[in-house]
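As provided, model38.cif (mmCIF, C-alpha atoms) reads as follows.
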```cif
data_data
loop_
_atom_site.label_atom_id
_atom_site.label_comp_id
_atom_site.auth_asym_id
_atom_site.auth_seq_id
_atom_site.Cartn_x
_atom_site.Cartn_y
_atom_site.Cartn_z
CA MET T 1 0.00 0.00 0.00
CA ARG T 2 1.38 3.40 -0.98
CA THR T 3 1.47 6.04 1.71
CA VAL T 4 2.73 9.60 1.60
CA GLN T 5 5.46 10.31 4.12
CA VAL T 6 4.34 13.14 6.41
CA GLN T 7 6.83 14.19 9.05
CA GLU T 8 6.74 16.83 11.76
CA SER T 9 10.33 17.69 10.88
CA SER T 10 11.13 17.43 7.19
CA ALA T 11 14.77 18.46 7.13
CA PRO T 12 17.72 16.30 8.18
CA ASP T 13 19.99 17.41 11.02
CA SER T 14 22.92 17.53 8.60
CA ARG T 15 21.35 19.97 6.19
CA PRO T 16 23.55 22.94 5.24
CA GLU T 17 22.80 26.21 6.94
CA GLU T 18 21.94 29.37 5.06
CA GLY T 19 25.03 31.09 3.77
CA ALA T 20 27.21 28.02 4.30
CA GLY T 21 27.45 27.11 0.66
CA GLY T 22 24.37 24.86 0.83
CA PRO T 23 20.78 25.18 -0.34
CA LEU T 24 18.09 27.04 1.54
CA TRP T 25 15.70 24.38 2.78
CA PRO T 26 12.03 24.73 3.78
CA ALA T 27 11.32 25.45 7.43
CA ARG T 28 11.00 22.52 9.80
CA GLY T 29 7.61 21.15 10.75
CA ARG T 30 5.85 22.11 7.50
CA THR T 31 6.20 19.02 5.36
CA ARG T 32 2.47 18.42 4.95
CA GLU T 33 1.82 22.02 3.99
CA LEU T 34 4.73 22.10 1.56
CA LEU T 35 3.64 18.94 -0.18
CA THR T 36 0.01 19.86 -0.60
CA ASP T 37 -0.42 23.63 -0.78
CA PRO T 38 -0.77 25.14 -4.27
CA CYS T 39 2.43 26.77 -5.43
CA LYS T 40 2.06 30.53 -5.21
CA GLU T 41 5.07 31.59 -7.21
CA ARG T 42 5.17 31.68 -10.97
CA GLN T 43 6.25 28.33 -12.37
CA CYS T 44 7.85 27.69 -15.72
CA THR T 45 8.42 24.67 -17.89
CA ALA T 46 10.78 23.64 -20.63
CA ALA T 47 7.93 21.93 -22.43
CA LEU T 48 6.67 24.65 -24.78
CA GLY T 49 6.02 23.06 -28.12
CA LEU T 50 8.21 20.06 -27.39
CA SER T 51 5.51 17.62 -28.40
CA GLU T 52 6.02 18.86 -31.96
CA MET T 53 9.34 17.01 -32.01
CA TRP T 54 7.59 13.72 -32.63
CA ARG T 55 6.39 14.93 -36.00
CA LEU T 56 9.84 15.83 -37.28
CA PRO T 57 11.19 12.97 -39.39
CA SER T 58 14.77 13.99 -40.02
CA ARG T 59 17.27 13.33 -37.25
CA PHE T 60 20.04 15.23 -38.94
CA ASN T 61 18.19 18.25 -40.29
CA ALA T 62 19.96 21.28 -38.84
CA PHE T 63 17.08 23.73 -38.81
CA LYS T 64 14.61 21.28 -37.36
CA ARG T 65 16.97 20.02 -34.69
CA THR T 66 17.84 23.55 -33.62
CA HIS T 67 14.13 24.39 -33.51
CA ILE T 68 13.49 21.36 -31.31
CA ILE T 69 16.27 22.40 -28.96
CA LEU T 70 14.83 25.87 -28.66
CA GLN T 71 11.38 24.43 -28.00
CA HIS T 72 12.83 22.23 -25.27
CA LEU T 73 14.23 25.27 -23.55
CA GLY T 74 10.97 27.21 -23.73
CA MET T 75 8.84 27.84 -20.68
CA SER T 76 5.09 27.76 -20.21
CA LYS T 77 2.92 30.33 -18.51
CA HIS T 78 1.91 30.32 -14.86
CA THR T 79 0.60 27.10 -13.38
CA ASP T 80 -0.68 26.18 -9.96
CA ALA T 81 0.29 22.64 -8.98
CA ALA T 82 -0.96 21.19 -5.70
CA GLU T 83 1.56 18.37 -5.74
CA GLU T 84 4.40 19.01 -8.16
CA VAL T 85 6.45 16.21 -6.65
CA LEU T 86 5.25 13.16 -4.72
CA LEU T 87 7.52 11.75 -2.02
CA GLU T 88 6.24 8.33 -0.97
CA LYS T 89 7.41 5.27 0.89
CA GLU T 90 6.40 2.09 -0.92
CA GLY T 91 7.55 -1.23 0.45
CA CYS T 92 11.32 -1.20 0.84
CA GLY T 93 11.77 1.89 -1.33
CA GLY T 94 11.41 5.63 -1.31
CA VAL T 95 9.66 6.76 -4.50
CA ILE T 96 10.04 10.24 -6.00
CA THR T 97 7.47 11.11 -8.67
CA LEU T 98 7.93 14.28 -10.71
CA ASN T 99 4.26 15.11 -11.00
CA ARG T 100 3.75 17.68 -13.74
CA PRO T 101 2.84 15.44 -16.68
CA LYS T 102 1.07 18.16 -18.67
CA LEU T 103 4.25 20.21 -18.44
CA LEU T 104 6.57 17.29 -19.15
CA ASN T 105 7.57 17.06 -15.48
CA THR T 106 9.85 20.06 -15.66
CA LEU T 107 11.76 20.88 -12.49
CA THR T 108 11.01 23.94 -10.42
CA PHE T 109 13.00 25.45 -7.57
CA ASN T 110 10.26 24.38 -5.19
CA MET T 111 10.46 20.74 -6.34
CA ILE T 112 14.21 20.55 -5.88
CA GLN T 113 13.95 22.02 -2.39
CA ARG T 114 11.48 19.30 -1.43
CA ILE T 115 13.37 16.37 -2.91
CA TYR T 116 16.74 16.97 -1.25
CA PRO T 117 15.80 16.66 2.45
CA GLN T 118 13.62 13.61 1.77
CA LEU T 119 16.43 11.96 -0.17
CA LYS T 120 18.75 12.53 2.78
CA LYS T 121 16.19 11.16 5.22
CA TRP T 122 15.64 7.97 3.19
CA GLU T 123 19.39 7.58 2.89
CA GLN T 124 19.62 7.38 6.69
CA ASP T 125 16.45 5.32 7.18
CA PRO T 126 17.27 1.64 7.95
CA GLY T 127 13.89 0.64 6.52
CA THR T 128 14.58 2.18 3.11
CA PHE T 129 16.74 0.00 0.86
CA LEU T 130 16.46 1.82 -2.46
CA ILE T 131 15.35 5.18 -3.84
CA LEU T 132 13.49 5.36 -7.15
CA ILE T 133 12.70 8.44 -9.24
CA LYS T 134 10.23 8.56 -12.12
CA GLY T 135 8.06 11.00 -14.05
CA ALA T 136 4.27 10.99 -14.11
CA GLY T 137 2.67 10.13 -17.45
CA ASP T 138 4.36 8.49 -20.41
CA LYS T 139 5.67 11.47 -22.39
CA ALA T 140 8.50 12.62 -20.19
CA PHE T 141 10.71 11.70 -17.30
CA CYS T 142 11.76 15.36 -17.01
CA ALA T 143 12.16 17.75 -19.93
CA GLY T 144 14.41 20.21 -18.12
CA GLY T 145 14.42 23.04 -15.66
CA ASP T 146 13.16 26.53 -15.08
CA ILE T 147 14.79 29.27 -17.14
CA ARG T 148 12.37 32.07 -17.81
CA VAL T 149 11.74 32.80 -14.14
CA ILE T 150 15.51 32.76 -13.57
CA SER T 151 16.11 35.25 -16.37
CA GLU T 152 13.35 37.46 -15.03
CA SER T 153 14.82 37.32 -11.53
CA VAL T 154 18.18 38.50 -12.80
CA LYS T 155 16.59 41.43 -14.61
CA ALA T 156 14.67 42.25 -11.42
CA LYS T 157 17.97 42.18 -9.49
CA GLN T 158 16.73 39.29 -7.37
CA LYS T 159 18.95 36.47 -6.12
CA LEU T 160 16.92 33.45 -7.24
CA PHE T 161 19.55 32.50 -9.83
CA GLU T 162 22.17 32.19 -7.11
CA GLU T 163 20.09 29.76 -5.06
CA PHE T 164 18.48 27.83 -7.91
CA PHE T 165 21.76 26.52 -9.30
CA ARG T 166 23.21 26.00 -5.83
CA VAL T 167 20.25 23.83 -4.78
CA GLU T 168 20.07 21.99 -8.12
CA TYR T 169 23.75 21.07 -8.19
CA SER T 170 23.65 20.07 -4.53
CA LEU T 171 20.85 17.64 -5.38
CA ASN T 172 22.87 16.27 -8.30
CA ASN T 173 25.76 15.59 -5.93
CA ALA T 174 23.46 14.06 -3.31
CA ILE T 175 22.18 11.58 -5.88
CA ALA T 176 25.71 10.66 -6.94
CA SER T 177 26.88 10.15 -3.35
CA CYS T 178 23.68 8.47 -2.12
CA GLN T 179 24.46 5.45 0.05
CA LYS T 180 21.26 3.69 -1.02
CA PRO T 181 20.88 2.28 -4.55
CA PHE T 182 19.28 5.01 -6.66
CA VAL T 183 17.12 3.92 -9.60
CA ALA T 184 16.02 6.40 -12.28
CA LEU T 185 13.27 5.38 -14.71
CA MET T 186 14.13 7.63 -17.68
CA ASN T 187 10.93 6.98 -19.60
CA GLY T 188 10.25 9.66 -22.20
CA ILE T 189 11.93 13.03 -22.65
CA THR T 190 15.04 13.35 -20.47
CA MET T 191 16.86 16.61 -21.03
CA GLY T 192 18.86 19.23 -19.14
CA GLY T 193 17.82 19.26 -15.50
CA GLY T 194 16.08 15.92 -16.00
CA VAL T 195 19.45 14.43 -16.85
CA GLY T 196 20.84 15.88 -13.62
CA VAL T 197 18.37 13.98 -11.42
CA SER T 198 18.95 10.67 -13.21
CA ILE T 199 22.42 10.33 -14.73
CA HIS T 200 24.26 10.37 -11.39
CA GLY T 201 22.25 7.48 -9.98
CA LYS T 202 23.62 3.96 -9.68
CA PHE T 203 20.94 2.49 -11.96
CA ARG T 204 19.49 4.31 -14.98
CA VAL T 205 16.73 2.66 -16.99
CA ALA T 206 15.92 3.77 -20.53
CA THR T 207 12.89 2.67 -22.56
CA GLU T 208 11.88 2.86 -26.21
CA LYS T 209 10.32 6.25 -25.37
CA THR T 210 13.46 7.83 -23.91
CA VAL T 211 14.78 10.93 -25.67
CA PHE T 212 18.06 12.19 -24.23
CA ALA T 213 19.70 15.51 -25.01
CA MET T 214 21.84 18.27 -23.49
CA PRO T 215 20.82 21.23 -25.71
CA GLU T 216 22.00 24.18 -23.64
CA THR T 217 24.41 25.74 -26.17
CA ALA T 218 21.34 26.78 -28.20
CA ILE T 219 20.27 29.20 -25.50
CA GLY T 220 23.49 30.71 -24.26
CA LEU T 221 24.16 28.17 -21.53
CA PHE T 222 26.33 25.06 -21.22
CA PRO T 223 25.61 21.36 -20.49
CA ASP T 224 25.48 21.67 -16.72
CA VAL T 225 24.12 19.44 -13.90
CA GLY T 226 27.43 17.57 -14.01
CA GLY T 227 27.72 17.44 -17.79
CA GLY T 228 31.37 18.37 -17.45
CA TYR T 229 31.85 15.11 -15.57
CA PHE T 230 29.79 12.45 -17.34
CA LEU T 231 29.98 13.67 -20.94
CA PRO T 232 33.78 13.50 -21.42
CA ARG T 233 33.71 9.99 -19.93
CA LEU T 234 31.55 8.59 -22.74
CA GLN T 235 33.19 6.61 -25.54
CA GLY T 236 35.63 8.56 -27.69
CA LYS T 237 34.45 12.10 -28.34
CA LEU T 238 30.75 11.23 -28.16
CA GLY T 239 30.18 13.44 -25.11
CA PHE T 240 31.81 16.43 -26.77
CA PHE T 241 29.61 15.89 -29.82
CA LEU T 242 26.43 15.67 -27.72
CA ALA T 243 27.39 18.77 -25.73
CA LEU T 244 28.23 20.99 -28.67
CA THR T 245 25.44 19.98 -31.07
CA GLY T 246 22.57 19.10 -28.72
CA PHE T 247 22.07 15.86 -30.66
CA ARG T 248 19.19 13.70 -29.43
CA LEU T 249 19.58 10.02 -28.62
CA LYS T 250 16.46 7.86 -28.58
CA GLY T 251 15.46 4.59 -26.99
CA ARG T 252 18.05 1.83 -26.89
CA ASP T 253 20.68 4.22 -28.22
CA VAL T 254 20.67 5.87 -24.79
CA HIS T 255 21.80 2.53 -23.34
CA LYS T 256 24.27 1.84 -26.14
CA ALA T 257 25.86 5.24 -25.56
CA GLY T 258 26.48 4.30 -21.92
CA LEU T 259 24.08 6.87 -20.50
CA ALA T 260 21.63 4.25 -19.26
CA THR T 261 22.65 1.10 -17.42
CA HIS T 262 19.58 -0.90 -18.49
CA PHE T 263 16.88 -0.93 -21.17
CA VAL T 264 13.33 -2.03 -20.33
CA ASP T 265 10.10 -1.93 -22.35
CA SER T 266 7.99 0.98 -21.13
CA GLU T 267 4.97 -1.28 -20.61
CA GLU T 268 7.01 -3.25 -18.09
CA LEU T 269 7.92 -0.30 -15.85
CA ASP T 270 5.02 -0.67 -13.43
CA LEU T 271 5.84 -4.33 -12.88
CA LEU T 272 9.54 -3.50 -12.55
CA GLU T 273 8.81 -0.91 -9.88
CA LYS T 274 6.56 -3.36 -8.02
CA ASP T 275 9.20 -6.09 -8.12
CA LEU T 276 11.82 -3.68 -6.80
CA VAL T 277 9.85 -2.23 -3.89
CA THR T 278 8.52 -5.62 -2.78
CA LEU T 279 12.00 -7.07 -2.36
CA ASN T 280 12.80 -8.12 1.20
CA ALA T 281 15.68 -6.01 2.54
CA PRO T 282 17.46 -6.14 -0.84
CA SER T 283 21.16 -5.66 -1.39
CA LYS T 284 22.55 -3.71 -4.32
CA GLU T 285 23.13 -7.05 -6.03
CA ASN T 286 19.50 -8.09 -5.53
CA ILE T 287 18.34 -4.85 -7.15
CA ALA T 288 20.79 -5.26 -10.02
CA HIS T 289 19.52 -8.80 -10.59
CA VAL T 290 15.92 -7.62 -10.98
CA LEU T 291 16.99 -4.92 -13.42
CA GLU T 292 19.10 -7.36 -15.41
CA THR T 293 16.16 -9.76 -15.65
CA TYR T 294 13.91 -7.10 -17.15
CA HIS T 295 16.71 -5.86 -19.39
CA ALA T 296 17.26 -9.37 -20.77
CA LYS T 297 13.55 -9.74 -21.56
CA SER T 298 13.39 -6.65 -23.77
CA LYS T 299 13.73 -7.30 -27.49
CA ILE T 300 12.87 -3.83 -28.82
CA ASP T 301 15.59 -2.69 -31.26
CA GLN T 302 17.92 -5.26 -29.71
CA GLU T 303 19.74 -5.92 -32.97
CA LYS T 304 19.59 -2.38 -34.28
CA PRO T 305 23.05 -0.77 -34.49
CA PHE T 306 23.83 2.37 -32.51
CA ILE T 307 22.50 5.36 -34.50
CA LEU T 308 25.92 7.04 -34.47
CA GLU T 309 27.98 3.90 -35.02
CA GLU T 310 28.69 4.68 -38.67
CA HIS T 311 29.69 8.22 -37.74
CA MET T 312 31.86 7.55 -34.69
CA ASP T 313 35.13 7.71 -36.61
CA LYS T 314 34.17 11.13 -37.93
CA ILE T 315 33.02 12.27 -34.48
CA ASN T 316 36.23 11.09 -32.85
CA SER T 317 38.34 12.75 -35.50
CA CYS T 318 36.49 16.04 -35.93
CA PHE T 319 35.69 16.64 -32.27
CA SER T 320 39.24 15.97 -31.11
CA GLY T 321 40.12 19.56 -31.95
CA ASN T 322 41.46 21.62 -29.05
CA THR T 323 39.41 24.67 -30.02
CA ILE T 324 35.94 25.25 -31.43
CA GLU T 325 37.53 26.82 -34.48
CA GLN T 326 39.54 23.64 -35.08
CA ILE T 327 36.48 21.44 -34.66
CA LEU T 328 34.56 23.51 -37.21
CA GLU T 329 37.52 23.36 -39.59
CA ASN T 330 37.69 19.59 -39.14
CA LEU T 331 34.00 19.27 -40.00
CA GLN T 332 34.45 21.48 -43.06
CA GLN T 333 37.47 19.50 -44.24
CA ASP T 334 35.64 16.19 -43.73
CA GLY T 335 32.99 17.34 -46.18
CA SER T 336 30.55 14.47 -45.61
CA SER T 337 26.85 15.24 -45.36
CA PHE T 338 26.93 14.27 -41.68
CA ALA T 339 29.90 16.52 -40.91
CA LEU T 340 28.43 19.47 -42.80
CA GLU T 341 25.13 19.06 -40.98
CA GLN T 342 26.92 19.31 -37.62
CA LEU T 343 28.84 22.33 -38.90
CA LYS T 344 25.57 24.05 -39.80
CA ILE T 345 24.09 23.27 -36.40
CA MET T 346 27.07 24.51 -34.43
CA LYS T 347 27.12 27.79 -36.33
CA LYS T 348 23.64 28.49 -34.93
CA MET T 349 24.79 28.07 -31.34
CA SER T 350 26.06 30.78 -29.02
CA PRO T 351 29.79 31.23 -29.76
CA THR T 352 30.42 31.94 -26.09
CA SER T 353 28.51 28.83 -25.02
CA LEU T 354 30.45 26.67 -27.46
CA LYS T 355 33.79 27.82 -26.11
CA ILE T 356 32.68 27.55 -22.49
CA SER T 357 31.36 24.03 -23.08
CA LEU T 358 34.50 22.74 -24.78
CA ARG T 359 36.70 24.00 -21.95
CA GLN T 360 34.19 22.73 -19.36
CA LEU T 361 34.35 19.18 -20.73
CA THR T 362 38.11 19.29 -21.29
CA GLU T 363 38.79 20.36 -17.70
CA GLY T 364 36.02 18.16 -16.33
CA SER T 365 37.59 15.04 -17.79
CA SER T 366 40.17 15.07 -14.99
CA LYS T 367 38.03 16.46 -12.16
CA THR T 368 35.81 14.80 -9.58
CA LEU T 369 32.06 15.36 -9.84
CA GLN T 370 32.13 17.79 -6.91
CA GLU T 371 34.94 19.75 -8.53
CA VAL T 372 32.96 19.84 -11.77
CA LEU T 373 29.80 21.06 -10.03
CA THR T 374 31.79 23.80 -8.32
CA MET T 375 33.15 24.82 -11.72
CA GLU T 376 29.70 24.69 -13.27
CA TYR T 377 28.24 26.85 -10.51
CA ARG T 378 30.82 29.51 -11.38
CA LEU T 379 29.84 29.21 -15.03
CA SER T 380 26.13 29.44 -14.25
CA GLN T 381 26.56 32.66 -12.31
CA ALA T 382 28.67 34.22 -15.06
CA CYS T 383 26.12 33.21 -17.71
CA MET T 384 23.33 34.80 -15.68
CA ARG T 385 25.26 38.07 -15.65
CA GLY T 386 26.11 37.85 -19.33
CA HIS T 387 24.13 38.57 -22.50
CA ASP T 388 23.52 35.34 -24.39
CA PHE T 389 21.36 33.49 -21.86
CA HIS T 390 18.86 36.33 -21.67
CA GLU T 391 18.94 36.75 -25.44
CA GLY T 392 18.18 33.05 -25.78
CA VAL T 393 15.21 33.40 -23.44
CA ARG T 394 14.01 36.40 -25.44
CA ALA T 395 14.28 34.53 -28.70
CA VAL T 396 12.63 31.36 -27.44
CA LEU T 397 9.95 32.68 -25.13
CA ILE T 398 9.14 36.25 -25.92
CA ASP T 399 9.57 36.88 -29.62
CA LYS T 400 9.62 33.24 -30.78
CA ASP T 401 12.60 34.21 -32.90
CA PRO T 402 14.63 31.26 -34.26
CA SER T 403 17.68 33.49 -34.77
CA PRO T 404 19.05 34.78 -31.45
CA LYS T 405 21.45 37.72 -31.73
CA TRP T 406 24.49 36.46 -29.86
CA LYS T 407 27.10 38.84 -28.44
CA PRO T 408 29.81 38.31 -29.44
CA ALA T 409 28.40 36.92 -32.68
CA ASP T 410 31.73 35.63 -33.93
CA LEU T 411 33.96 33.03 -32.32
CA LYS T 412 37.07 35.12 -32.87
CA ASP T 413 35.64 37.78 -30.58
CA VAL T 414 35.33 35.36 -27.65
CA THR T 415 38.83 35.64 -26.21
CA ASP T 416 40.69 33.50 -23.70
CA GLU T 417 40.49 36.44 -21.30
CA ASP T 418 36.71 36.42 -21.66
CA LEU T 419 36.58 32.70 -20.94
CA ASN T 420 38.80 33.06 -17.88
CA GLN T 421 36.22 35.37 -16.34
CA TYR T 422 33.55 32.64 -16.62
CA PHE T 423 35.76 30.12 -14.84
CA LYS T 424 36.93 32.54 -12.15
CA SER T 425 36.46 31.55 -8.50
CA LEU T 426 33.57 33.15 -6.63
CA GLY T 427 35.47 33.08 -3.38
CA SER T 428 33.14 32.71 -0.41
CA ASN T 429 30.20 32.33 -2.82
CA ASP T 430 31.62 29.21 -4.46
CA LEU T 431 29.50 26.07 -4.28
CA LYS T 432 30.85 23.95 -1.44
CA PHE T 433 30.20 20.35 -0.40
#
```
Rewrite the coordinates I just gave you, this time as structure tokens.
Amino acid sequence: MRTVQVQESSAPDSRPEEGAGGPLWPARGRTRELLTDPCKERQCTAALGLSEMWRLPSRFNAFKRTHIILQHLGMSKHTDAAEEVLLEKEGCGGVITLNRPKLLNTLTFNMIQRIYPQLKKWEQDPGTFLILIKGAGDKAFCAGGDIRVISESVKAKQKLFEEFFRVEYSLNNAIASCQKPFVALMNGITMGGGVGVSIHGKFRVATEKTVFAMPETAIGLFPDVGGGYFLPRLQGKLGFFLALTGFRLKGRDVHKAGLATHFVDSEELDLLEKDLVTLNAPSKENIAHVLETYHAKSKIDQEKPFILEEHMDKINSCFSGNTIEQILENLQQDGSSFALEQLKIMKKMSPTSLKISLRQLTEGSSKTLQEVLTMEYRLSQACMRGHDFHEGVRAVLIDKDPSPKWKPADLKDVTDEDLNQYFKSLGSNDLKF
């Protein structure tokens, strides 16, 4: 029987204090109210127009793919959600349900604030043996995070952007360091912030409906939520390719790329969840065995080659360049239709974002996840104070303009000195763990 956890004190004793480099958590003794009261602040979603992606037939078409990326990063208008996230104890497991199906389960600041303390509590609870996260509905696990309200807060000289990224990255780290097996059911659209609350878990389950992407360079950002850690650790230069082009991986390809640990038919997910939470005091090995059993049963696209398999040599060669300019030159020199398509796509991206992202992944390849998240927090704050992020929001959300006016508009005008400012330490404001 599923019961909602209602506690008189919702926050763990070990939670960071305000101003100590940690998130700002809800007040103690208000869990029931926080979980059930309608949200009073303006909420946004990255779902605007994303459903149109299913009607686009060409995977490699530059204009269409860029349009899809921009749609992903769009935000909806105000919504009141009584229960944006469900935090429930079911059998031996703690179950997190991102509960905004009509908005593709996009993450809000409020949701992240609620998840973290409950995750920490379950981690310490001897009666909780696994933690599972999923999205309501069958269209999306989580299509991303909140950007319009962040942009508006910066323009209003508010500090939301400082706390949003601090709380989000702290949650990403908490998932990665969680002492209980963490299972993410990545069914449907899994992009941006949705990747952050899944990719760092021990077990990551993709289905035939999974659509994975990190499309931030299209809106003046960078592939954050630990992208600087997990992307450069994918095979060859695949992670660099995904980061710089926003390329989408679907279904079993998400598993073949190494982003998911298992692949299960979407119609089996309810049974999988039931089998997991009804285990009797399971070990990590017991949980892995159940997942392997379901993985072995799935035959969908089992024999289909990885979508990028025929292009991996080109990806490894072209994206091995040490600079964005060299990568673009490599693509031009290659001359294949695939290479030229990627060239066209990258030329639409923010030049500043491209250079930030390449350096982020290059440096992240030799850093720990916590070091990467600290670096990415610095980048996030610099991007909020820069031009391109807000121009991307304007183009996507306000004017619906597919041609953002980046500043600088040319790669040659983004200097090393400019980049150094993005990576500069924030001193006492750095993200700390």
### Message
Take the PyMOL selection byres ((chain T and resi 96) around 9), run it mentally on this structure, and tell me the resulting residues as a list of chain:residue names.
### Response
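Matching residues under the PyMOL selection byres ((chain T and resi 96) around 9) are T:Val85, T:Leu86, T:Leu87, T:Glu88, T:Lys89, T:Gly94, T:Val95, T:Thr97, T:Leu98, T:Ile115, T:Leu119, T:Ile131, T:Leu132, T:Ile133, T:Lys134, T:Gly135.
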Among listed residues T:Leu244, T:His390, T:Thr210, T:Val396, nearest Lys155 of chain T (using all atoms listed in the file):
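Going through T:Leu244, T:His390, T:Thr210, T:Val396 one by one, the smallest distance to Lys155 of chain T is for T:His390.
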Convert the output of the PyMOL selection byres ((chain T and resi 161-169) around 9) on the shown file into explicit residues, formatted as an MDAnalysis selection string. chainID T and resid 21:25 108:109 112:113 116 149:151 153:154 158:160 170:174 193 196:197 224:226 373:374 376:377 380:381 384 431
Give as a PyMOL selection string the residues that the PyMOL selection byres ((chain T and resi 183-191) around 9) matches when applied to the coordinates above. chain T and resi 72+104+130-135+137-145+181-182+192-199+201-215+251+260+266+269
Margin query: Using all atoms listed in the file, which protein or nucleic acid residues come within 9 Å of Ser298 of chain T? Drop anything in the same chain fewer than 4 positions from it, and give the result as number ranges by chain.
Written below: T: 263-265, 294, 302
Expected file: the selected residues, C-alpha atoms, as an mmCIF file, keeping the file's coordinate frame:
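Ended up saving to selection24.cif:
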```cif
data_model
loop_
_atom_site.group_PDB
_atom_site.id
_atom_site.type_symbol
_atom_site.label_atom_id
_atom_site.label_comp_id
_atom_site.auth_asym_id
_atom_site.auth_seq_id
_atom_site.Cartn_x
_atom_site.Cartn_y
_atom_site.Cartn_z
ATOM 1 C CA PHE T 263 16.880 -0.930 -21.170
ATOM 2 C CA VAL T 264 13.330 -2.030 -20.330
ATOM 3 C CA ASP T 265 10.100 -1.930 -22.350
ATOM 4 C CA TYR T 294 13.910 -7.100 -17.150
ATOM 5 C CA GLN T 302 17.920 -5.260 -29.710
#
```
- Report the distance between atom CA of Thr362 of chain T and atom CA of Arg148 of chain T in Å, rounded to one decimal place.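 Separation of atom CA of Thr362 of chain T and atom CA of Arg148 of chain T: 28.9 Å.
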- Message: The residues within 12 Å of (25.4, 1.5, -24.8), using all atoms listed in the file and the coordinates of the file, should be reported as a PyMOL selection string; which are they?
- Response: chain T and resi 204-206+234-235+238+249-263+302+304-309
Residues as selected, C-alpha atoms, written as a short mmCIF file (atom, residue, chain, number, x, y, z; two decimals), in the frame of the given file, can you do that?
```
data_model
loop_
_atom_site.label_atom_id
_atom_site.label_comp_id
_atom_site.auth_asym_id
_atom_site.auth_seq_id
_atom_site.Cartn_x
_atom_site.Cartn_y
_atom_site.Cartn_z
CA ARG T 204 19.49 4.31 -14.98
CA VAL T 205 16.73 2.66 -16.99
CA ALA T 206 15.92 3.77 -20.53
CA LEU T 234 31.55 8.59 -22.74
CA GLN T 235 33.19 6.61 -25.54
CA LEU T 238 30.75 11.23 -28.16
CA LEU T 249 19.58 10.02 -28.62
CA LYS T 250 16.46 7.86 -28.58
CA GLY T 251 15.46 4.59 -26.99
CA ARG T 252 18.05 1.83 -26.89
CA ASP T 253 20.68 4.22 -28.22
CA VAL T 254 20.67 5.87 -24.79
CA HIS T 255 21.80 2.53 -23.34
CA LYS T 256 24.27 1.84 -26.14
CA ALA T 257 25.86 5.24 -25.56
CA GLY T 258 26.48 4.30 -21.92
CA LEU T 259 24.08 6.87 -20.50
CA ALA T 260 21.63 4.25 -19.26
CA THR T 261 22.65 1.10 -17.42
CA HIS T 262 19.58 -0.90 -18.49
CA PHE T 263 16.88 -0.93 -21.17
CA GLN T 302 17.92 -5.26 -29.71
CA LYS T 304 19.59 -2.38 -34.28
CA PRO T 305 23.05 -0.77 -34.49
CA PHE T 306 23.83 2.37 -32.51
CA ILE T 307 22.50 5.36 -34.50
CA LEU T 308 25.92 7.04 -34.47
CA GLU T 309 27.98 3.90 -35.02
#
```
Exercise. Between atom CA of Arg359 of chain T and atom CA of Thr323 of chain T, what is the spacing in Å?
Worked result: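 Atom CA of Arg359 of chain T lies 8.5 Å from atom CA of Thr323 of chain T.
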Atom CA of Lys407 of chain T sits from atom CA of Tyr229 of chain T at a separation of 27.4 Å
### Message
My list of candidates is T:Asn280, T:Leu221, T:Leu272, T:Leu107. Which is closest to Thr128 of chain T when distances are computed with all atoms listed in the file?
### Response
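Of T:Asn280, T:Leu221, T:Leu272, T:Leu107, the one nearest Thr128 of chain T, counting all atoms listed in the file, is T:Asn280.
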- Query: Which is closer to Phe129 of chain T than all the others in T:Ala176, T:Leu328, T:Met349, T:Leu276, using only C-alpha atoms?
  - Reply: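 Of all the options, T:Leu276 lies closest to Phe129 of chain T.
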(Q) Which residue is closest to Leu231 of chain T? Choose from T:Gln370, T:Gln118, T:Ser425, T:Gln360 and count only C-alpha atoms. (A)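 Looking at the shortest contact to Leu231 of chain T, the residue is T:Gln360.
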Which polymer residues have any atom within 10 Å of an atom of Thr415 of chain T, counting only C-alpha atoms, with same-chain residues fewer than 4 positions away left out, as a ChimeraX atom specification?
/T:352,355,408,411,419-420
